[in-house]
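Asker: upload_3.pdb is the file, holding PDB, C-alpha atoms:
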```pdb
ATOM      1  CA  MET A   1     117.578 150.014 130.362
ATOM      2  CA  PHE A   2     118.133 146.453 129.179
ATOM      3  CA  SER A   3     120.525 144.845 131.694
ATOM      4  CA  ILE A   4     123.730 143.096 130.656
ATOM      5  CA  LYS A   5     122.532 139.908 132.327
ATOM      6  CA  LYS A   6     119.241 139.965 130.447
ATOM      7  CA  LEU A   7     120.999 140.888 127.212
ATOM      8  CA  ALA A   8     123.414 138.016 127.582
ATOM      9  CA  GLY A   9     120.409 135.754 128.027
ATOM     10  CA  VAL A  10     118.945 136.979 124.744
ATOM     11  CA  ALA A  11     122.162 136.143 122.930
ATOM     12  CA  ALA A  12     122.408 132.743 124.604
ATOM     13  CA  ILE A  13     118.860 131.848 123.614
ATOM     14  CA  ALA A  14     119.479 133.043 120.060
ATOM     15  CA  ALA A  15     122.675 131.027 119.861
ATOM     16  CA  ALA A  16     120.994 127.877 121.134
ATOM     17  CA  GLY A  17     118.065 128.245 118.790
ATOM     18  CA  LEU A  18     120.273 128.728 115.749
ATOM     19  CA  VAL A  19     122.892 126.123 116.687
ATOM     20  CA  LEU A  20     125.374 128.884 115.989
ATOM     21  CA  SER A  21     128.808 128.101 114.687
ATOM     22  CA  ALA A  22     129.557 131.646 114.951
ATOM     23  CA  CYS A  23     131.728 134.705 114.882
ATOM     24  CA  SER A  24     134.872 136.494 115.849
ATOM     25  CA  GLY A  25     135.925 138.742 118.667
ATOM     26  CA  PRO A  26     138.146 141.594 119.809
ATOM     27  CA  SER A  27     141.724 141.728 120.953
ATOM     28  CA  ALA A  28     144.095 144.481 122.043
ATOM     29  CA  ASP A  29     145.092 145.211 118.425
ATOM     30  CA  ASN A  30     142.970 147.920 116.757
ATOM     31  CA  SER A  31     144.327 147.430 113.214
ATOM     32  CA  SER A  32     142.389 146.211 110.159
ATOM     33  CA  SER A  33     145.009 143.673 109.141
ATOM     34  CA  GLY A  34     142.400 141.005 108.389
ATOM     35  CA  SER A  35     142.408 139.193 111.721
ATOM     36  CA  PRO A  36     138.884 138.257 112.858
ATOM     37  CA  SER A  37     139.849 139.474 116.307
ATOM     38  CA  SER A  38     141.488 142.757 115.335
ATOM     39  CA  GLN A  39     139.222 145.133 117.195
ATOM     40  CA  ALA A  40     139.204 145.824 120.930
ATOM     41  CA  ALA A  41     135.975 146.645 122.722
ATOM     42  CA  ALA A  42     135.981 149.604 125.076
ATOM     43  CA  PRO A  43     133.405 150.199 127.803
ATOM     44  CA  SER A  44     130.412 152.109 126.460
ATOM     45  CA  THR A  45     130.108 155.689 127.651
ATOM     46  CA  GLY A  46     127.555 158.420 127.114
ATOM     47  CA  GLY A  47     123.992 157.985 125.846
ATOM     48  CA  PRO A  48     122.289 155.078 124.125
ATOM     49  CA  LEU A  49     124.244 153.139 121.559
ATOM     50  CA  LYS A  50     123.690 154.304 117.952
ATOM     51  CA  ILE A  51     124.007 151.733 115.167
ATOM     52  CA  ALA A  52     123.811 152.293 111.413
ATOM     53  CA  VAL A  53     122.582 149.434 109.222
ATOM     54  CA  VAL A  54     123.725 149.832 105.599
ATOM     55  CA  THR A  55     122.528 147.237 103.076
ATOM     56  CA  HIS A  56     122.447 146.742  99.316
ATOM     57  CA  GLY A  57     118.674 146.234  99.330
ATOM     58  CA  SER A  58     116.662 147.654  96.463
ATOM     59  CA  ALA A  59     113.763 149.989  97.178
ATOM     60  CA  GLY A  60     110.559 148.061  97.793
ATOM     61  CA  ASP A  61     112.322 144.686  98.076
ATOM     62  CA  ALA A  62     110.218 142.593 100.477
ATOM     63  CA  PHE A  63     113.280 140.627 101.616
ATOM     64  CA  TRP A  64     115.106 143.708 102.874
ATOM     65  CA  ASN A  65     111.974 145.114 104.477
ATOM     66  CA  VAL A  66     112.058 142.085 106.786
ATOM     67  CA  VAL A  67     115.753 142.691 107.584
ATOM     68  CA  LYS A  68     114.894 146.279 108.429
ATOM     69  CA  ASN A  69     111.995 145.123 110.628
ATOM     70  CA  GLY A  70     114.375 142.864 112.562
ATOM     71  CA  ALA A  71     116.980 145.567 113.126
ATOM     72  CA  GLU A  72     114.429 148.156 114.206
ATOM     73  CA  GLN A  73     112.672 145.745 116.564
ATOM     74  CA  ALA A  74     115.998 144.846 118.169
ATOM     75  CA  GLY A  75     116.659 148.553 118.651
ATOM     76  CA  LYS A  76     113.344 148.942 120.455
ATOM     77  CA  ASP A  77     113.882 145.837 122.571
ATOM     78  CA  LEU A  78     117.432 146.780 123.600
ATOM     79  CA  ASN A  79     117.212 150.581 123.838
ATOM     80  CA  VAL A  80     119.548 151.022 120.869
ATOM     81  CA  GLY A  81     119.235 153.752 118.247
ATOM     82  CA  VAL A  82     119.037 152.066 114.830
ATOM     83  CA  ASP A  83     119.176 153.948 111.511
ATOM     84  CA  TYR A  84     118.608 151.881 108.367
ATOM     85  CA  PHE A  85     120.037 152.877 104.975
ATOM     86  CA  ALA A  86     120.077 150.994 101.673
ATOM     87  CA  ASP A  87     121.360 151.431  98.147
ATOM     88  CA  GLY A  88     121.804 148.761  95.480
ATOM     89  CA  ASP A  89     124.705 150.623  93.861
ATOM     90  CA  PRO A  90     127.996 149.503  95.499
ATOM     91  CA  GLY A  91     129.560 152.956  95.222
ATOM     92  CA  ASN A  92     126.563 154.586  96.852
ATOM     93  CA  GLN A  93     126.525 151.936  99.570
ATOM     94  CA  ALA A  94     130.189 152.662 100.304
ATOM     95  CA  ARG A  95     129.360 156.365 100.646
ATOM     96  CA  LEU A  96     126.592 155.549 103.108
ATOM     97  CA  ILE A  97     129.148 153.656 105.194
ATOM     98  CA  ASP A  98     131.537 156.607 104.996
ATOM     99  CA  ASN A  99     128.775 158.941 106.167
ATOM    100  CA  ALA A 100     128.036 156.717 109.154
ATOM    101  CA  VAL A 101     131.735 156.681 110.077
ATOM    102  CA  ALA A 102     131.869 160.484 109.819
ATOM    103  CA  GLN A 103     128.904 160.668 112.198
ATOM    104  CA  LYS A 104     130.842 158.486 114.673
ATOM    105  CA  VAL A 105     128.168 155.825 115.111
ATOM    106  CA  GLY A 106     128.728 153.269 117.838
ATOM    107  CA  GLY A 107     128.413 150.287 115.523
ATOM    108  CA  LEU A 108     127.875 149.306 111.891
ATOM    109  CA  VAL A 109     125.915 146.497 110.251
ATOM    110  CA  VAL A 110     126.788 146.044 106.567
ATOM    111  CA  SER A 111     125.702 143.614 103.846
ATOM    112  CA  MET A 112     128.459 142.806 101.347
ATOM    113  CA  ALA A 113     127.047 141.732  97.981
ATOM    114  CA  ASN A 114     130.074 143.420  96.354
ATOM    115  CA  PRO A 115     132.841 143.083  98.966
ATOM    116  CA  GLN A 116     135.673 144.726  97.049
ATOM    117  CA  ALA A 117     133.664 147.902  96.505
ATOM    118  CA  LEU A 118     133.112 148.193 100.265
ATOM    119  CA  GLN A 119     136.511 147.077 101.553
ATOM    120  CA  THR A 120     138.071 150.505 102.064
ATOM    121  CA  SER A 121     134.972 151.956 103.712
ATOM    122  CA  ILE A 122     134.603 149.022 106.109
ATOM    123  CA  GLN A 123     138.284 149.012 107.020
ATOM    124  CA  ASN A 124     138.154 152.766 107.633
ATOM    125  CA  ALA A 125     135.298 152.148 110.079
ATOM    126  CA  VAL A 126     137.396 149.531 111.871
ATOM    127  CA  LYS A 127     140.368 151.923 112.014
ATOM    128  CA  ALA A 128     138.061 154.531 113.546
ATOM    129  CA  GLY A 129     137.222 152.086 116.354
ATOM    130  CA  ILE A 130     133.723 151.300 115.131
ATOM    131  CA  PRO A 131     132.816 147.606 115.464
ATOM    132  CA  VAL A 132     131.337 146.119 112.290
ATOM    133  CA  VAL A 133     129.063 143.125 111.858
ATOM    134  CA  THR A 134     128.563 141.993 108.268
ATOM    135  CA  ILE A 135     125.365 140.296 107.165
ATOM    136  CA  ASN A 136     123.814 138.326 104.325
ATOM    137  CA  SER A 137     126.594 138.261 101.687
ATOM    138  CA  GLY A 138     130.374 138.259 101.608
ATOM    139  CA  GLU A 139     131.062 135.986 104.559
ATOM    140  CA  ASP A 140     134.447 134.940 103.112
ATOM    141  CA  PHE A 141     135.664 138.549 103.370
ATOM    142  CA  SER A 142     134.135 139.496 106.727
ATOM    143  CA  ALA A 143     137.045 138.673 109.041
ATOM    144  CA  GLN A 144     139.574 139.825 106.428
ATOM    145  CA  PHE A 145     138.016 143.296 106.433
ATOM    146  CA  GLY A 146     138.090 143.435 110.249
ATOM    147  CA  ALA A 147     134.441 142.713 111.115
ATOM    148  CA  ILE A 148     133.815 141.126 114.504
ATOM    149  CA  ALA A 149     131.105 138.793 113.155
ATOM    150  CA  HIS A 150     129.111 137.725 110.118
ATOM    151  CA  VAL A 151     125.433 136.808 110.299
ATOM    152  CA  GLY A 152     123.864 135.081 107.335
ATOM    153  CA  GLN A 153     123.505 131.983 105.238
ATOM    154  CA  SER A 154     126.354 130.180 103.491
ATOM    155  CA  GLU A 155     125.108 130.643  99.964
ATOM    156  CA  GLY A 156     126.998 127.753  98.398
ATOM    157  CA  LEU A 157     125.577 125.303 100.946
ATOM    158  CA  ALA A 158     122.093 126.722 100.444
ATOM    159  CA  GLY A 159     122.430 126.278  96.694
ATOM    160  CA  GLN A 160     123.560 122.694  97.226
ATOM    161  CA  GLY A 161     120.478 122.031  99.328
ATOM    162  CA  ALA A 162     118.190 123.489  96.688
ATOM    163  CA  GLY A 163     119.853 121.397  93.987
ATOM    164  CA  GLN A 164     119.454 118.242  96.039
ATOM    165  CA  ARG A 165     115.743 118.877  96.539
ATOM    166  CA  LEU A 166     115.110 119.557  92.879
ATOM    167  CA  LYS A 167     117.021 116.440  91.869
ATOM    168  CA  ALA A 168     115.035 114.388  94.380
ATOM    169  CA  ALA A 169     111.859 115.782  92.795
ATOM    170  CA  GLY A 170     112.912 114.150  89.523
ATOM    171  CA  LYS A 171     114.016 117.285  87.664
ATOM    172  CA  THR A 172     116.733 116.980  85.019
ATOM    173  CA  LYS A 173     117.563 120.493  83.719
ATOM    174  CA  LEU A 174     117.616 123.626  85.858
ATOM    175  CA  LEU A 175     117.509 127.312  84.970
ATOM    176  CA  CYS A 176     119.054 129.417  87.769
ATOM    177  CA  VAL A 177     117.985 133.076  87.526
ATOM    178  CA  ILE A 178     120.475 135.715  88.755
ATOM    179  CA  HIS A 179     118.795 139.090  89.303
ATOM    180  CA  GLU A 180     121.665 141.322  90.541
ATOM    181  CA  ALA A 181     124.787 141.595  88.395
ATOM    182  CA  GLY A 182     127.963 141.364  90.469
ATOM    183  CA  ASN A 183     126.255 139.933  93.571
ATOM    184  CA  ILE A 184     128.739 137.337  94.766
ATOM    185  CA  GLY A 185     126.135 135.464  96.825
ATOM    186  CA  GLN A 186     123.855 134.810  93.872
ATOM    187  CA  ASN A 187     126.654 133.247  91.846
ATOM    188  CA  GLN A 188     127.485 131.070  94.851
ATOM    189  CA  ARG A 189     123.865 129.877  95.018
ATOM    190  CA  CYS A 190     123.819 128.815  91.371
ATOM    191  CA  ASP A 191     127.275 127.220  91.663
ATOM    192  CA  GLY A 192     126.110 125.276  94.720
ATOM    193  CA  ALA A 193     123.005 124.047  92.899
ATOM    194  CA  LYS A 194     125.183 122.885  90.012
ATOM    195  CA  GLN A 195     127.333 120.808  92.387
ATOM    196  CA  THR A 196     124.389 118.704  93.555
ATOM    197  CA  PHE A 197     121.968 118.949  90.630
ATOM    198  CA  GLY A 198     124.332 118.756  87.658
ATOM    199  CA  ASN A 199     122.702 120.191  84.544
ATOM    200  CA  VAL A 200     122.323 123.899  85.365
ATOM    201  CA  THR A 201     122.246 126.939  83.114
ATOM    202  CA  THR A 202     122.103 130.530  84.376
ATOM    203  CA  LEU A 203     120.105 133.516  83.191
ATOM    204  CA  GLN A 204     120.821 137.165  84.053
ATOM    205  CA  VAL A 205     117.841 139.455  84.639
ATOM    206  CA  ASP A 206     117.353 142.820  86.340
ATOM    207  CA  ILE A 207     115.177 142.834  89.452
ATOM    208  CA  SER A 208     114.471 146.550  88.961
ATOM    209  CA  ASN A 209     112.738 145.729  85.660
ATOM    210  CA  PRO A 210     110.320 142.914  86.569
ATOM    211  CA  THR A 211     108.444 142.964  83.258
ATOM    212  CA  ASP A 212     111.664 142.413  81.332
ATOM    213  CA  ALA A 213     112.777 139.755  83.836
ATOM    214  CA  GLN A 214     109.555 137.825  83.212
ATOM    215  CA  ALA A 215     110.012 138.143  79.457
ATOM    216  CA  ARG A 216     113.590 136.852  79.639
ATOM    217  CA  ILE A 217     112.582 133.832  81.734
ATOM    218  CA  ARG A 218     109.718 133.099  79.345
ATOM    219  CA  GLY A 219     112.099 133.332  76.404
ATOM    220  CA  ALA A 220     114.587 130.936  77.997
ATOM    221  CA  LEU A 221     111.847 128.367  78.645
ATOM    222  CA  GLN A 222     110.448 128.690  75.128
ATOM    223  CA  SER A 223     113.872 128.282  73.530
ATOM    224  CA  ASP A 224     114.698 125.177  75.583
ATOM    225  CA  PRO A 225     111.654 123.010  76.380
ATOM    226  CA  SER A 226     113.902 120.493  78.174
ATOM    227  CA  ILE A 227     114.188 122.881  81.147
ATOM    228  CA  ASP A 228     111.931 121.377  83.799
ATOM    229  CA  ALA A 229     112.957 123.440  86.834
ATOM    230  CA  VAL A 230     113.560 127.135  87.556
ATOM    231  CA  LEU A 231     115.411 128.327  90.649
ATOM    232  CA  ALA A 232     114.709 131.980  91.469
ATOM    233  CA  LEU A 233     117.018 133.700  93.952
ATOM    234  CA  ASN A 234     114.443 136.196  95.191
ATOM    235  CA  SER A 235     110.768 135.945  96.129
ATOM    236  CA  GLN A 236     109.679 138.684  93.737
ATOM    237  CA  VAL A 237     111.524 137.071  90.829
ATOM    238  CA  ALA A 238     109.866 133.771  91.758
ATOM    239  CA  ALA A 239     106.412 135.223  91.134
ATOM    240  CA  ARG A 240     107.576 136.401  87.716
ATOM    241  CA  ALA A 241     109.027 132.955  86.983
ATOM    242  CA  VAL A 242     105.688 131.295  87.768
ATOM    243  CA  ASP A 243     103.920 133.631  85.333
ATOM    244  CA  ALA A 244     106.641 133.148  82.725
ATOM    245  CA  ALA A 245     106.298 129.358  82.870
ATOM    246  CA  LYS A 246     102.543 129.655  82.319
ATOM    247  CA  GLU A 247     103.018 132.002  79.369
ATOM    248  CA  ALA A 248     105.587 129.659  77.827
ATOM    249  CA  SER A 249     103.349 126.596  78.374
ATOM    250  CA  SER A 250     106.403 125.113  80.096
ATOM    251  CA  LYS A 251     106.447 122.043  82.305
ATOM    252  CA  ALA A 252     109.103 123.674  84.491
ATOM    253  CA  GLN A 253     108.417 123.836  88.228
ATOM    254  CA  VAL A 254     109.631 126.861  90.154
ATOM    255  CA  ALA A 255     111.556 126.880  93.442
ATOM    256  CA  THR A 256     112.953 129.989  95.090
ATOM    257  CA  PHE A 257     115.105 131.557  97.723
ATOM    258  CA  ASP A 258     113.266 133.660 100.308
ATOM    259  CA  LEU A 259     109.678 134.233 101.286
ATOM    260  CA  ASN A 260     106.963 136.814 100.824
ATOM    261  CA  ALA A 261     103.150 136.675 100.753
ATOM    262  CA  ASP A 262     103.109 135.682  97.073
ATOM    263  CA  VAL A 263     105.515 132.794  97.661
ATOM    264  CA  VAL A 264     103.493 131.591 100.641
ATOM    265  CA  ALA A 265     100.331 131.554  98.520
ATOM    266  CA  ALA A 266     102.142 129.852  95.626
ATOM    267  CA  ILE A 267     103.524 127.082  97.866
ATOM    268  CA  LYS A 268     100.029 126.458  99.180
ATOM    269  CA  ALA A 269      98.693 126.393  95.604
ATOM    270  CA  GLY A 270     101.493 124.096  94.401
ATOM    271  CA  THR A 271     102.905 126.512  91.811
ATOM    272  CA  ILE A 272     106.148 126.926  93.808
ATOM    273  CA  LEU A 273     107.747 123.711  95.001
ATOM    274  CA  PHE A 274     109.676 125.132  97.974
ATOM    275  CA  ALA A 275     111.456 128.219  99.302
ATOM    276  CA  VAL A 276     114.965 128.335 100.753
ATOM    277  CA  ASP A 277     114.472 130.394 103.911
ATOM    278  CA  GLN A 278     117.508 132.216 105.285
ATOM    279  CA  GLN A 279     115.396 133.800 108.030
ATOM    280  CA  GLN A 280     116.477 137.324 107.224
ATOM    281  CA  TYR A 281     114.678 138.793 110.233
ATOM    282  CA  GLU A 282     117.524 137.301 112.267
ATOM    283  CA  GLN A 283     120.040 138.985 109.974
ATOM    284  CA  GLY A 284     118.564 142.296 111.081
ATOM    285  CA  TYR A 285     117.921 141.473 114.721
ATOM    286  CA  LEU A 286     120.975 139.501 115.864
ATOM    287  CA  PRO A 287     123.707 141.996 114.852
ATOM    288  CA  ILE A 288     122.110 144.641 117.070
ATOM    289  CA  VAL A 289     122.253 142.199 120.000
ATOM    290  CA  PHE A 290     125.861 141.281 119.238
ATOM    291  CA  LEU A 291     127.008 144.895 118.900
ATOM    292  CA  LYS A 292     125.331 145.938 122.147
ATOM    293  CA  LEU A 293     126.951 143.048 124.006
ATOM    294  CA  TYR A 294     130.300 143.841 122.428
ATOM    295  CA  LYS A 295     130.154 147.531 123.296
ATOM    296  CA  GLU A 296     128.753 147.164 126.809
ATOM    297  CA  ASN A 297     130.300 143.921 128.007
ATOM    298  CA  GLY A 298     133.136 142.991 125.633
ATOM    299  CA  ASN A 299     131.292 139.860 124.507
ATOM    300  CA  THR A 300     131.900 138.054 121.221
ATOM    301  CA  ILE A 301     130.162 135.136 119.550
ATOM    302  CA  GLY A 302     131.915 131.874 118.670
ATOM    303  CA  GLY A 303     135.241 131.140 117.107
ATOM    304  CA  GLY A 304     135.657 132.934 113.818
ATOM    305  CA  LYS A 305     132.843 131.252 111.895
ATOM    306  CA  PRO A 306     129.635 132.850 110.545
ATOM    307  CA  VAL A 307     126.400 132.767 112.488
ATOM    308  CA  GLN A 308     124.220 130.663 110.205
ATOM    309  CA  THR A 309     120.597 131.796 109.859
ATOM    310  CA  GLY A 310     119.868 129.229 107.151
ATOM    311  CA  PRO A 311     119.205 127.420 105.013
ATOM    312  CA  GLY A 312     115.812 126.315 106.150
ATOM    313  CA  PHE A 313     113.279 124.972 103.674
ATOM    314  CA  VAL A 314     109.604 125.884 103.505
ATOM    315  CA  ASP A 315     107.233 123.660 101.534
ATOM    316  CA  LYS A 316     103.738 122.240 101.863
ATOM    317  CA  THR A 317     104.711 120.342 105.007
ATOM    318  CA  ASN A 318     105.385 123.467 107.093
ATOM    319  CA  ILE A 319     103.891 126.399 105.174
ATOM    320  CA  ASP A 320     100.901 126.720 107.505
ATOM    321  CA  THR A 321     103.255 127.271 110.453
ATOM    322  CA  VAL A 322     105.406 129.859 108.673
ATOM    323  CA  ALA A 323     102.647 131.751 106.821
ATOM    324  CA  PRO A 324     101.447 133.939 109.755
ATOM    325  CA  TYR A 325     105.007 135.113 110.432
ATOM    326  CA  ALA A 326     105.539 136.016 106.776
ATOM    327  CA  GLN A 327     102.259 137.938 106.876
ATOM    328  CA  ARG A 328     103.414 140.097 109.785
ATOM    329  CA  GLY A 329     106.803 140.803 108.214
ATOM    330  CA  THR A 330     109.114 138.678 110.356
ATOM    331  CA  ARG A 331     109.784 135.772 107.926
TER     332      ARG A 331
END
```
As structure tokens, what does this structure read like?

Answerer:
Amino acid sequence: MFSIKKLAGVAAIAAAGLVLSACSGPSADNSSSGSPSSQAAAPSTGGPLKIAVVTHGSAGDAFWNVVKNGAEQAGKDLNVGVDYFADGDPGNQARLIDNAVAQKVGGLVVSMANPQALQTSIQNAVKAGIPVVTINSGEDFSAQFGAIAHVGQSEGLAGQGAGQRLKAAGKTKLLCVIHEAGNIGQNQRCDGAKQTFGNVTTLQVDISNPTDAQARIRGALQSDPSIDAVLALNSQVAARAVDAAKEASSKAQVATFDLNADVVAAIKAGTILFAVDQQQYEQGYLPIVFLKLYKENGNTIGGGKPVQTGPGFVDKTNIDTVAPYAQRGTR
């Protein structure tokens, strides 16, 4: 059994390494009134802690596979039962949360790409005494819905960083490609890029139809030859953007959010300028640590702010260091 002392050490090391600015904690009130400290921890009893992870990841999405790897590895390391579920449809995701609540899990980890669709389900979990950690998207709603912490990347700030880098590279017109309709985080990324870059136009594609996504990006580049930069918000879309630029005989350089093997190879080859790395393995791993500490020792992280896992930036200067980790499924 992983000891409380050793577990606390894991969290301390993680916090130091991330320079965490962190999360919220419990109090005696067990309501879901929106306070970041509206949930009281009770000593854990019975068998091993069971945690359900419910995300909006699409099937086969390399990004979410890494999140799942992080959560499952944390479960193994900490003797915690972890069940991972995912559905890109907000209504279906809400039902997965409801099912976990009905099964009386000991903790919930939830991504919130569409916060309003999940609000009732998350607040019902809080009312049932189940601590919730939100991840990835929806940080502005996390405390309001009663979660004890949020682990992720501030998408607006990440978008600002991407815009700054593209502007510094001499680019003048940016196409920002949104691949999930209604995903609040993706709009925040493009809005952030616009704040620092300036001349930004957006394009909506569907990640579940990659051939059509590539065709739409190609069409946008052909119709406006002044576009000299493309910002993809997903590693798989980035690969399609690279191909689309070639097909359109466009001068546009591609940058992206997130990593996979194709992005690593493209950065090395110079066809992708950089990747914004939100280190999603941590978004899977750290919530399991935080929930175990909360349940078994009443611990919380920080003072009501999100635990920031990014943005980091991967380019030719550090790709050789990161590449082996991406290959094994942890970056």

Asker: Which is closest to Ala248 of chain A among A:Glu72, A:Glu139, A:Asp262, A:Asp224, if we use all atoms listed in the file?

Answerer: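 Checking each candidate against Ala248 of chain A, we get A:Asp224 as the closest.
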
Asker: Carefully work through the PyMOL selection byres ((chain A and resi 65) around 12) for this structure and note down the residues it includes, as a ChimeraX atom specification.

Answerer: /A:55-64,66-72,84-86,259-260,280-281,283-284,326,328-331

Asker: If you apply the PyMOL selection byres ((chain A and resi 115) around 9) to this file, what residues do you get, as a PyMOL selection string?

Answerer: chain A and resi 90+111-114+116-119+137-138+141-142+184

Asker: Mind giving me the straight-line distance from atom CA of Lys167 of chain A to atom CA of Ala193 of chain A in Å, one decimal?

Answerer: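 Taking atom CA of Lys167 of chain A and atom CA of Ala193 of chain A, their separation equals 9.7 Å.
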
Asker: How far is it from atom CA of Ala149 of chain A to atom CA of Val133 of chain A, in Å with one decimal?

Answerer: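 Spanning atom CA of Ala149 of chain A to atom CA of Val133 of chain A is a straight-line distance of 5.0 Å.
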
Asker: Could you complete segment 241-253 of chain A so that it carries N, CA, C and O atoms, and give it back as an mmCIF file, in the coordinates of the input?

Answerer:
```cif
data_model
loop_
_atom_site.group_PDB
_atom_site.id
_atom_site.type_symbol
_atom_site.label_atom_id
_atom_site.label_comp_id
_atom_site.auth_asym_id
_atom_site.auth_seq_id
_atom_site.Cartn_x
_atom_site.Cartn_y
_atom_site.Cartn_z
ATOM 1 N N ALA A 241 108.686 134.231 87.603
ATOM 2 C CA ALA A 241 109.027 132.955 86.983
ATOM 3 C C ALA A 241 107.801 132.064 86.837
ATOM 4 O O ALA A 241 107.646 131.362 85.829
ATOM 5 N N VAL A 242 106.928 132.078 87.847
ATOM 6 C CA VAL A 242 105.688 131.295 87.768
ATOM 7 C C VAL A 242 104.855 131.772 86.584
ATOM 8 O O VAL A 242 104.347 130.962 85.781
ATOM 9 N N ASP A 243 104.696 133.078 86.447
ATOM 10 C CA ASP A 243 103.920 133.631 85.333
ATOM 11 C C ASP A 243 104.582 133.331 83.989
ATOM 12 O O ASP A 243 103.900 133.033 82.994
ATOM 13 N N ALA A 244 105.917 133.412 83.962
ATOM 14 C CA ALA A 244 106.641 133.148 82.725
ATOM 15 C C ALA A 244 106.450 131.702 82.268
ATOM 16 O O ALA A 244 106.289 131.424 81.070
ATOM 17 N N ALA A 245 106.487 130.769 83.215
ATOM 18 C CA ALA A 245 106.298 129.358 82.870
ATOM 19 C C ALA A 245 104.903 129.118 82.282
ATOM 20 O O ALA A 245 104.746 128.359 81.319
ATOM 21 N N LYS A 246 103.900 129.782 82.849
ATOM 22 C CA LYS A 246 102.543 129.655 82.319
ATOM 23 C C LYS A 246 102.469 130.209 80.895
ATOM 24 O O LYS A 246 101.891 129.579 79.995
ATOM 25 N N GLU A 247 103.053 131.373 80.684
ATOM 26 C CA GLU A 247 103.018 132.002 79.369
ATOM 27 C C GLU A 247 103.747 131.170 78.314
ATOM 28 O O GLU A 247 103.367 131.163 77.133
ATOM 29 N N ALA A 248 104.795 130.469 78.747
ATOM 30 C CA ALA A 248 105.587 129.659 77.827
ATOM 31 C C ALA A 248 105.003 128.258 77.655
ATOM 32 O O ALA A 248 105.558 127.458 76.877
ATOM 33 N N SER A 249 103.924 127.955 78.368
ATOM 34 C CA SER A 249 103.349 126.596 78.374
ATOM 35 C C SER A 249 104.432 125.571 78.715
ATOM 36 O O SER A 249 104.524 124.497 78.111
ATOM 37 N N SER A 250 105.269 125.944 79.705
ATOM 38 C CA SER A 250 106.403 125.113 80.096
ATOM 39 C C SER A 250 106.014 124.171 81.227
ATOM 40 O O SER A 250 105.188 124.498 82.087
ATOM 41 N N LYS A 251 106.651 123.020 81.236
ATOM 42 C CA LYS A 251 106.447 122.043 82.305
ATOM 43 C C LYS A 251 107.317 122.351 83.529
ATOM 44 O O LYS A 251 107.238 121.644 84.550
ATOM 45 N N ALA A 252 108.140 123.378 83.424
ATOM 46 C CA ALA A 252 109.103 123.674 84.491
ATOM 47 C C ALA A 252 108.401 124.053 85.792
ATOM 48 O O ALA A 252 107.483 124.866 85.799
ATOM 49 N N GLN A 253 108.873 123.451 86.903
ATOM 50 C CA GLN A 253 108.417 123.836 88.228
ATOM 51 C C GLN A 253 109.387 124.855 88.810
ATOM 52 O O GLN A 253 110.600 124.786 88.579
#
```
